[in-house]
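Student: Structure: model_17.cif, mmCIF, C-alpha atoms.
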data_structure
loop_
_atom_site.group_PDB
_atom_site.id
_atom_site.type_symbol
_atom_site.label_atom_id
_atom_site.label_comp_id
_atom_site.auth_asym_id
_atom_site.auth_seq_id
_atom_site.Cartn_x
_atom_site.Cartn_y
_atom_site.Cartn_z
ATOM 1 C CA MET A 1 -17.433 -232.991 -51.083
ATOM 2 C CA LYS A 2 -15.103 -234.641 -48.605
ATOM 3 C CA LEU A 3 -15.669 -234.228 -44.858
ATOM 4 C CA LEU A 4 -13.875 -235.344 -41.719
ATOM 5 C CA LEU A 5 -15.427 -236.068 -38.323
ATOM 6 C CA ILE A 6 -13.024 -235.847 -35.383
ATOM 7 C CA ASN A 7 -13.926 -237.084 -31.909
ATOM 8 C CA GLY A 8 -11.683 -236.386 -28.949
ATOM 9 C CA PRO A 9 -10.936 -237.939 -25.583
ATOM 10 C CA ASN A 10 -13.388 -240.340 -23.957
ATOM 11 C CA LEU A 11 -15.842 -240.289 -26.849
ATOM 12 C CA ASN A 12 -14.794 -243.835 -27.701
ATOM 13 C CA LEU A 13 -16.733 -244.763 -24.524
ATOM 14 C CA LEU A 14 -20.072 -243.478 -25.805
ATOM 15 C CA GLY A 15 -22.819 -245.972 -25.116
ATOM 16 C CA THR A 16 -21.400 -246.914 -21.726
ATOM 17 C CA ARG A 17 -20.032 -243.608 -20.398
ATOM 18 C CA GLU A 18 -22.558 -241.694 -18.274
ATOM 19 C CA PRO A 19 -25.605 -242.863 -20.264
ATOM 20 C CA GLU A 20 -27.814 -240.436 -18.311
ATOM 21 C CA LYS A 21 -25.914 -237.598 -20.066
ATOM 22 C CA TYR A 22 -24.810 -239.163 -23.333
ATOM 23 C CA GLY A 23 -27.343 -241.927 -23.989
ATOM 24 C CA ASN A 24 -26.726 -245.510 -25.037
ATOM 25 C CA THR A 25 -25.681 -244.934 -28.640
ATOM 26 C CA THR A 26 -22.088 -245.900 -29.386
ATOM 27 C CA LEU A 27 -19.621 -243.810 -31.350
ATOM 28 C CA SER A 28 -19.609 -246.537 -34.023
ATOM 29 C CA ASP A 29 -23.391 -246.196 -34.350
ATOM 30 C CA ILE A 30 -23.090 -242.408 -34.687
ATOM 31 C CA GLU A 31 -20.339 -242.720 -37.295
ATOM 32 C CA LEU A 32 -22.325 -245.257 -39.332
ATOM 33 C CA ASN A 33 -25.423 -243.049 -39.280
ATOM 34 C CA LEU A 34 -23.416 -239.969 -40.310
ATOM 35 C CA THR A 35 -21.592 -241.814 -43.067
ATOM 36 C CA HIS A 36 -24.927 -242.893 -44.589
ATOM 37 C CA TYR A 37 -26.379 -239.396 -44.216
ATOM 38 C CA ALA A 38 -23.333 -237.852 -45.880
ATOM 39 C CA LYS A 39 -23.464 -240.312 -48.784
ATOM 40 C CA ASN A 40 -27.178 -239.662 -49.315
ATOM 41 C CA ASN A 41 -26.406 -235.941 -49.469
ATOM 42 C CA GLY A 42 -23.522 -236.028 -51.925
ATOM 43 C CA ALA A 43 -20.656 -236.102 -49.456
ATOM 44 C CA GLU A 44 -18.026 -238.544 -48.286
ATOM 45 C CA LEU A 45 -17.303 -238.701 -44.555
ATOM 46 C CA ASP A 46 -14.198 -240.057 -42.878
ATOM 47 C CA CYS A 47 -14.141 -240.563 -39.107
ATOM 48 C CA PHE A 48 -11.303 -240.289 -36.588
ATOM 49 C CA GLN A 49 -11.191 -240.587 -32.807
ATOM 50 C CA SER A 50 -8.274 -240.226 -30.431
ATOM 51 C CA ASN A 51 -7.705 -239.730 -26.744
ATOM 52 C CA HIS A 52 -4.429 -237.945 -27.551
ATOM 53 C CA GLU A 53 -4.329 -234.223 -28.281
ATOM 54 C CA GLY A 54 -1.255 -234.440 -30.507
ATOM 55 C CA ASP A 55 -2.849 -237.114 -32.707
ATOM 56 C CA ILE A 56 -5.912 -234.915 -33.143
ATOM 57 C CA ILE A 57 -3.746 -231.920 -34.053
ATOM 58 C CA ASP A 58 -1.747 -233.999 -36.546
ATOM 59 C CA THR A 59 -5.000 -235.215 -38.113
ATOM 60 C CA ILE A 60 -6.265 -231.655 -38.468
ATOM 61 C CA HIS A 61 -2.975 -230.577 -40.068
ATOM 62 C CA SER A 62 -3.123 -233.462 -42.547
ATOM 63 C CA ALA A 63 -6.714 -232.493 -43.466
ATOM 64 C CA LYS A 64 -5.561 -229.329 -45.237
ATOM 65 C CA GLY A 65 -6.066 -229.698 -48.985
ATOM 66 C CA LYS A 66 -7.769 -233.069 -48.486
ATOM 67 C CA TYR A 67 -11.103 -232.158 -46.833
ATOM 68 C CA ASP A 68 -13.684 -229.490 -47.579
ATOM 69 C CA GLY A 69 -15.124 -229.408 -44.054
ATOM 70 C CA LEU A 70 -14.553 -230.629 -40.511
ATOM 71 C CA LEU A 71 -16.910 -231.677 -37.734
ATOM 72 C CA ILE A 72 -15.334 -231.870 -34.297
ATOM 73 C CA ASN A 73 -16.398 -232.976 -30.863
ATOM 74 C CA ALA A 74 -13.191 -232.279 -28.986
ATOM 75 C CA GLY A 75 -14.634 -233.392 -25.659
ATOM 76 C CA GLY A 76 -12.794 -231.866 -22.711
ATOM 77 C CA LEU A 77 -10.107 -230.415 -25.009
ATOM 78 C CA THR A 78 -12.730 -227.891 -26.098
ATOM 79 C CA HIS A 79 -12.202 -225.986 -22.879
ATOM 80 C CA THR A 80 -8.432 -226.307 -22.494
ATOM 81 C CA SER A 81 -6.548 -226.609 -25.767
ATOM 82 C CA VAL A 82 -5.215 -223.467 -27.370
ATOM 83 C CA SER A 83 -3.132 -225.762 -29.596
ATOM 84 C CA LEU A 84 -6.245 -227.462 -30.943
ATOM 85 C CA ARG A 85 -7.844 -224.090 -31.638
ATOM 86 C CA ASP A 86 -4.681 -222.955 -33.425
ATOM 87 C CA ALA A 87 -4.628 -226.141 -35.534
ATOM 88 C CA ILE A 88 -8.207 -225.558 -36.692
ATOM 89 C CA SER A 89 -7.461 -221.933 -37.435
ATOM 90 C CA SER A 90 -4.254 -222.766 -39.313
ATOM 91 C CA VAL A 91 -5.865 -225.123 -41.835
ATOM 92 C CA ALA A 92 -8.722 -222.720 -42.643
ATOM 93 C CA ILE A 93 -11.233 -225.530 -43.270
ATOM 94 C CA PRO A 94 -14.859 -224.700 -42.384
ATOM 95 C CA THR A 95 -15.418 -226.399 -39.021
ATOM 96 C CA VAL A 96 -18.544 -227.158 -37.009
ATOM 97 C CA GLU A 97 -18.116 -227.765 -33.276
ATOM 98 C CA ILE A 98 -20.396 -230.437 -31.818
ATOM 99 C CA HIS A 99 -21.346 -231.393 -28.259
ATOM 100 C CA MET A 100 -23.979 -233.879 -27.196
ATOM 101 C CA THR A 101 -24.744 -231.959 -24.009
ATOM 102 C CA ASN A 102 -25.348 -228.244 -23.619
ATOM 103 C CA ILE A 103 -21.907 -227.161 -22.422
ATOM 104 C CA HIS A 104 -23.330 -223.777 -21.435
ATOM 105 C CA ALA A 105 -25.687 -225.401 -18.907
ATOM 106 C CA ARG A 106 -23.070 -227.627 -17.297
ATOM 107 C CA GLU A 107 -20.182 -226.954 -14.929
ATOM 108 C CA GLU A 108 -18.729 -223.456 -15.116
ATOM 109 C CA PHE A 109 -15.412 -224.652 -16.588
ATOM 110 C CA ARG A 110 -17.294 -226.119 -19.577
ATOM 111 C CA HIS A 111 -18.962 -222.823 -20.497
ATOM 112 C CA THR A 112 -15.922 -221.595 -22.400
ATOM 113 C CA SER A 113 -15.108 -223.119 -25.771
ATOM 114 C CA LEU A 114 -11.721 -222.258 -27.203
ATOM 115 C CA ILE A 115 -12.876 -223.734 -30.519
ATOM 116 C CA SER A 116 -16.054 -221.726 -31.085
ATOM 117 C CA GLY A 117 -14.152 -218.620 -32.160
ATOM 118 C CA VAL A 118 -12.630 -220.450 -35.138
ATOM 119 C CA ALA A 119 -15.682 -222.550 -36.044
ATOM 120 C CA ILE A 120 -18.459 -221.533 -38.428
ATOM 121 C CA ALA A 121 -21.043 -222.918 -36.000
ATOM 122 C CA GLN A 122 -21.568 -224.748 -32.730
ATOM 123 C CA VAL A 123 -24.265 -227.391 -32.169
ATOM 124 C CA VAL A 124 -24.874 -228.373 -28.546
ATOM 125 C CA GLY A 125 -27.413 -230.144 -26.381
ATOM 126 C CA PHE A 126 -29.231 -232.460 -28.805
ATOM 127 C CA GLY A 127 -27.520 -235.692 -27.766
ATOM 128 C CA LYS A 128 -26.550 -237.908 -30.688
ATOM 129 C CA ASP A 129 -28.657 -235.658 -32.934
ATOM 130 C CA SER A 130 -26.103 -232.874 -32.436
ATOM 131 C CA TYR A 131 -23.918 -234.784 -34.881
ATOM 132 C CA ILE A 132 -26.517 -235.067 -37.632
ATOM 133 C CA LEU A 133 -27.547 -231.425 -37.180
ATOM 134 C CA GLY A 134 -23.916 -230.358 -37.427
ATOM 135 C CA LEU A 135 -23.353 -232.493 -40.520
ATOM 136 C CA GLU A 136 -26.496 -231.189 -42.189
ATOM 137 C CA GLY A 137 -25.471 -227.612 -41.463
ATOM 138 C CA LEU A 138 -21.926 -228.151 -42.742
ATOM 139 C CA ILE A 139 -23.119 -229.749 -45.988
ATOM 140 C CA ASN A 140 -25.581 -226.901 -46.592
ATOM 141 C CA TYR A 141 -22.901 -224.322 -45.793
ATOM 142 C CA LEU A 142 -20.473 -225.894 -48.270
ATOM 143 C CA LYS A 143 -23.125 -226.239 -50.995
ATOM 144 C CA ASN A 144 -23.919 -222.533 -50.727
#
So that I can check it, write out the structure of this file as structure tokens.

Tutor:
Amino acid sequence: MKLLLINGPNLNLLGTREPEKYGNTTLSDIELNLTHYAKNNGAELDCFQSNHEGDIIDTIHSAKGKYDGLLINAGGLTHTSVSLRDAISSVAIPTVEIHMTNIHAREEFRHTSLISGVAIAQVVGFGKDSYILGLEGLINYLKN
């Protein structure tokens, strides 16, 4: 089982960016933890991060036929990018949307996710654990 984790804009700053909201764990730490979890559960996980919407879309397009599942924390693009939603929909790869904070309890403009309608699930509000919960759910979904 081959999986891809995609992180969007500003997530490269995890660990230093607004630690009161996002904690002190870096994206590298999260990726390392997820890679080990995936391996211990019969999966291989590749990780990608970009601050550029087009790079993220190109990565999603290239995932078709290569990956069995996607995990995505699109950051602010979650609320604005129809193109990102369309890319996920076009590749038809089971996708889990992840957010460290509860987007539904934050600013009004964050309440709407353009991705959730094309994802199999959404995990929000558990900090860094949102990633592991999303990965666990995706692996179980693909095994069944």

Student: With distances taken over all atoms listed in the file, which residue among A:Arg110, A:Lys2, A:His61, A:His104 lies nearest A:Ala74?

Tutor: A:Arg110

Student: Which residue is closest to A:Leu138? Choose from A:Leu45, A:Ile115, A:Gly23, A:Ile120 and count all atoms listed in the file.

Tutor: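 Distance minimum relative to A:Leu138 lands on A:Ile120.
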
Student: Given the PyMOL selection byres ((chain A and resi 86) around 12) and the file above, list the residues it selects as a ChimeraX atom specification.

Tutor: /A:57-58,60-61,78,81-85,87-92,114-119

Student: Sort by chain and increasing residue number a table of all residues of stretch 46-123 of chain A within 12 Å of stretch 18-22 of chain A, each with its closest pair of atoms and their distance in Å to one decimal, counting all atoms listed in the file, and write it as CSV.

Tutor:
residue,atom,partner,partner_atom,distance
A:Gly75,CA,A:Tyr22,CA,11.9
A:His99,CA,A:Tyr22,CA,9.8
A:Met100,CA,A:Tyr22,CA,6.6
A:Thr101,CA,A:Lys21,CA,7.0
A:Asn102,CA,A:Lys21,CA,10.0
A:Ile103,CA,A:Lys21,CA,11.4
A:Arg106,CA,A:Lys21,CA,10.7

Student: Taking (-24.3, -240.0, -35.1) in the file's coordinates as the center, which residues reach within 6 Å of it, counting all atoms listed in the file, put as a list of chain:residue names?

Tutor: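 The answer, in the requested form, is A:Ile30, A:Glu31, A:Asn33, A:Leu34, A:Lys128, A:Tyr131, A:Ile132.
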
Student: Could you check how far atom CA of A:Leu133 sits from atom CA of A:His111, in Å to one decimal?

Tutor: 20.6 Å

Student: What does the distance between atom CA of A:Gly125 and atom CA of A:Glu107 come to in Å, to one decimal place?

Tutor: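 Separating atom CA of A:Gly125 from atom CA of A:Glu107 is a distance of 13.9 Å.
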
Student: Which one of A:Glu108, A:Ile139, A:Leu71, A:Leu77 sits closest to A:Gln122 if you count only C-alpha atoms?

Tutor: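 The answer is A:Leu71, which sits nearest to A:Gln122.
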
Student: For a quick check of understanding, using all atoms listed in the file, which of A:Leu142, A:Leu32, A:Met1, A:Leu11 has the smallest distance to A:Ile72?

Tutor: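 With all atoms listed in the file as the atom set, the closest residue is A:Leu11.
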
Student: Suppose you want the space between atom CA of A:Gly15 and atom CA of A:Val124; what is it in Å?

Tutor: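 Distance reported for this atom pair: 18.0 Å.
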
Student: Hey, which of A:Thr35, A:Thr95, A:Asn73, A:Asn41 ends up closest to A:Glu136? Count only C-alpha atoms.

Tutor: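 Nearest to A:Glu136: A:Asn41.
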
Student: Name the closest residue to A:His52 among the candidates A:Val96, A:Gly76, A:Leu3, A:Leu27; distances are taken between atoms, counting only C-alpha atoms.

Tutor: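 Among the listed residues, the smallest separation from A:His52 belongs to A:Gly76.
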
Student: For this structure, which residues satisfy the selection - the PyMOL selection byres ((chain A and resi 12) around 10) - when it is evaluated on the file as given? I want them as a list of chain:residue names.

Tutor: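 When the PyMOL selection byres ((chain A and resi 12) around 10) is applied, the selected residues are A:Asn7, A:Gly8, A:Pro9, A:Asn10, A:Leu11, A:Leu13, A:Leu14, A:Gly15, A:Thr16, A:Arg17, A:Thr26, A:Leu27, A:Ser28, A:Gln49, A:Ser50, A:Asn51.
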
Student: Counting all atoms listed in the file, note down every residue that has an atom within 6 Å of the point (-14.4, -238.4, -43.6) (file coordinates), as a ChimeraX atom specification.

Tutor: /A:3-5,44-47

Student: Because some atoms of stretch 96-132 of chain A are absent here, can you restore N, CA and C atoms and send them as a short mmCIF file (atom, residue, chain, number, x, y, z; two decimals), in the coordinates of the input?

Tutor:
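Once everything was written out, this is result.cif:
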data_model
loop_
_atom_site.label_atom_id
_atom_site.label_comp_id
_atom_site.auth_asym_id
_atom_site.auth_seq_id
_atom_site.Cartn_x
_atom_site.Cartn_y
_atom_site.Cartn_z
N VAL A 96 -17.38 -227.23 -37.89
CA VAL A 96 -18.54 -227.16 -37.01
C VAL A 96 -18.18 -227.89 -35.72
N GLU A 97 -18.36 -227.20 -34.61
CA GLU A 97 -18.12 -227.76 -33.28
C GLU A 97 -19.39 -228.43 -32.79
N ILE A 98 -19.25 -229.65 -32.26
CA ILE A 98 -20.40 -230.44 -31.82
C ILE A 98 -20.21 -230.87 -30.37
N HIS A 99 -21.31 -230.82 -29.61
CA HIS A 99 -21.35 -231.39 -28.26
C HIS A 99 -22.71 -232.01 -28.04
N MET A 100 -22.72 -233.19 -27.45
CA MET A 100 -23.98 -233.88 -27.20
C MET A 100 -24.78 -233.20 -26.09
N THR A 101 -24.08 -232.67 -25.09
CA THR A 101 -24.74 -231.96 -24.01
C THR A 101 -24.62 -230.46 -24.24
N ASN A 102 -25.43 -229.70 -23.54
CA ASN A 102 -25.35 -228.24 -23.62
C ASN A 102 -24.23 -227.79 -22.68
N ILE A 103 -23.06 -227.52 -23.24
CA ILE A 103 -21.91 -227.16 -22.42
C ILE A 103 -22.14 -225.87 -21.64
N HIS A 104 -23.05 -225.05 -22.09
CA HIS A 104 -23.33 -223.78 -21.44
C HIS A 104 -24.23 -223.94 -20.21
N ALA A 105 -24.81 -225.13 -20.05
CA ALA A 105 -25.69 -225.40 -18.91
C ALA A 105 -25.04 -226.39 -17.93
N ARG A 106 -23.77 -226.67 -18.15
CA ARG A 106 -23.07 -227.63 -17.30
C ARG A 106 -22.14 -226.89 -16.34
N GLU A 107 -21.13 -227.57 -15.87
CA GLU A 107 -20.18 -226.95 -14.93
C GLU A 107 -19.56 -225.70 -15.54
N GLU A 108 -19.26 -224.76 -14.67
CA GLU A 108 -18.73 -223.46 -15.12
C GLU A 108 -17.53 -223.61 -16.06
N PHE A 109 -16.62 -224.53 -15.76
CA PHE A 109 -15.41 -224.65 -16.59
C PHE A 109 -15.73 -225.12 -18.01
N ARG A 110 -16.90 -225.68 -18.23
CA ARG A 110 -17.29 -226.12 -19.58
C ARG A 110 -17.96 -225.01 -20.39
N HIS A 111 -18.25 -223.89 -19.79
CA HIS A 111 -18.96 -222.82 -20.50
C HIS A 111 -18.11 -222.17 -21.58
N THR A 112 -16.81 -222.22 -21.43
CA THR A 112 -15.92 -221.60 -22.40
C THR A 112 -15.44 -222.62 -23.42
N SER A 113 -15.64 -222.30 -24.69
CA SER A 113 -15.11 -223.12 -25.77
C SER A 113 -14.00 -222.33 -26.45
N LEU A 114 -12.82 -222.90 -26.48
CA LEU A 114 -11.72 -222.26 -27.20
C LEU A 114 -11.85 -222.47 -28.71
N ILE A 115 -12.69 -223.41 -29.10
CA ILE A 115 -12.88 -223.73 -30.52
C ILE A 115 -13.92 -222.85 -31.19
N SER A 116 -14.92 -222.43 -30.46
CA SER A 116 -16.05 -221.73 -31.08
C SER A 116 -15.64 -220.48 -31.87
N GLY A 117 -14.60 -219.83 -31.46
CA GLY A 117 -14.15 -218.62 -32.16
C GLY A 117 -13.55 -218.87 -33.53
N VAL A 118 -13.19 -220.12 -33.82
CA VAL A 118 -12.63 -220.45 -35.14
C VAL A 118 -13.53 -221.41 -35.91
N ALA A 119 -14.71 -221.68 -35.38
CA ALA A 119 -15.68 -222.55 -36.04
C ALA A 119 -16.75 -221.70 -36.74
N ILE A 120 -17.37 -222.26 -37.76
CA ILE A 120 -18.46 -221.53 -38.43
C ILE A 120 -19.75 -221.66 -37.64
N ALA A 121 -19.83 -222.70 -36.79
CA ALA A 121 -21.04 -222.92 -36.00
C ALA A 121 -20.73 -223.87 -34.85
N GLN A 122 -21.65 -223.86 -33.89
CA GLN A 122 -21.57 -224.75 -32.73
C GLN A 122 -22.96 -225.36 -32.52
N VAL A 123 -23.01 -226.69 -32.42
CA VAL A 123 -24.26 -227.39 -32.17
C VAL A 123 -24.11 -228.12 -30.84
N VAL A 124 -24.98 -227.79 -29.88
CA VAL A 124 -24.87 -228.37 -28.55
C VAL A 124 -26.24 -228.80 -28.03
N GLY A 125 -26.24 -229.83 -27.17
CA GLY A 125 -27.41 -230.14 -26.38
C GLY A 125 -28.45 -231.07 -26.98
N PHE A 126 -28.23 -231.60 -28.17
CA PHE A 126 -29.23 -232.46 -28.80
C PHE A 126 -28.84 -233.94 -28.76
N GLY A 127 -27.96 -234.30 -27.85
CA GLY A 127 -27.52 -235.69 -27.77
C GLY A 127 -26.88 -236.13 -29.06
N LYS A 128 -27.13 -237.38 -29.45
CA LYS A 128 -26.55 -237.91 -30.69
C LYS A 128 -27.01 -237.11 -31.90
N ASP A 129 -28.16 -236.47 -31.82
CA ASP A 129 -28.66 -235.66 -32.93
C ASP A 129 -27.82 -234.41 -33.18
N SER A 130 -27.01 -234.01 -32.21
CA SER A 130 -26.10 -232.87 -32.44
C SER A 130 -25.19 -233.15 -33.63
N TYR A 131 -24.80 -234.41 -33.78
CA TYR A 131 -23.92 -234.78 -34.88
C TYR A 131 -24.61 -234.62 -36.22
N ILE A 132 -25.81 -235.13 -36.35
CA ILE A 132 -26.52 -235.07 -37.63
C ILE A 132 -26.88 -233.62 -37.98
#
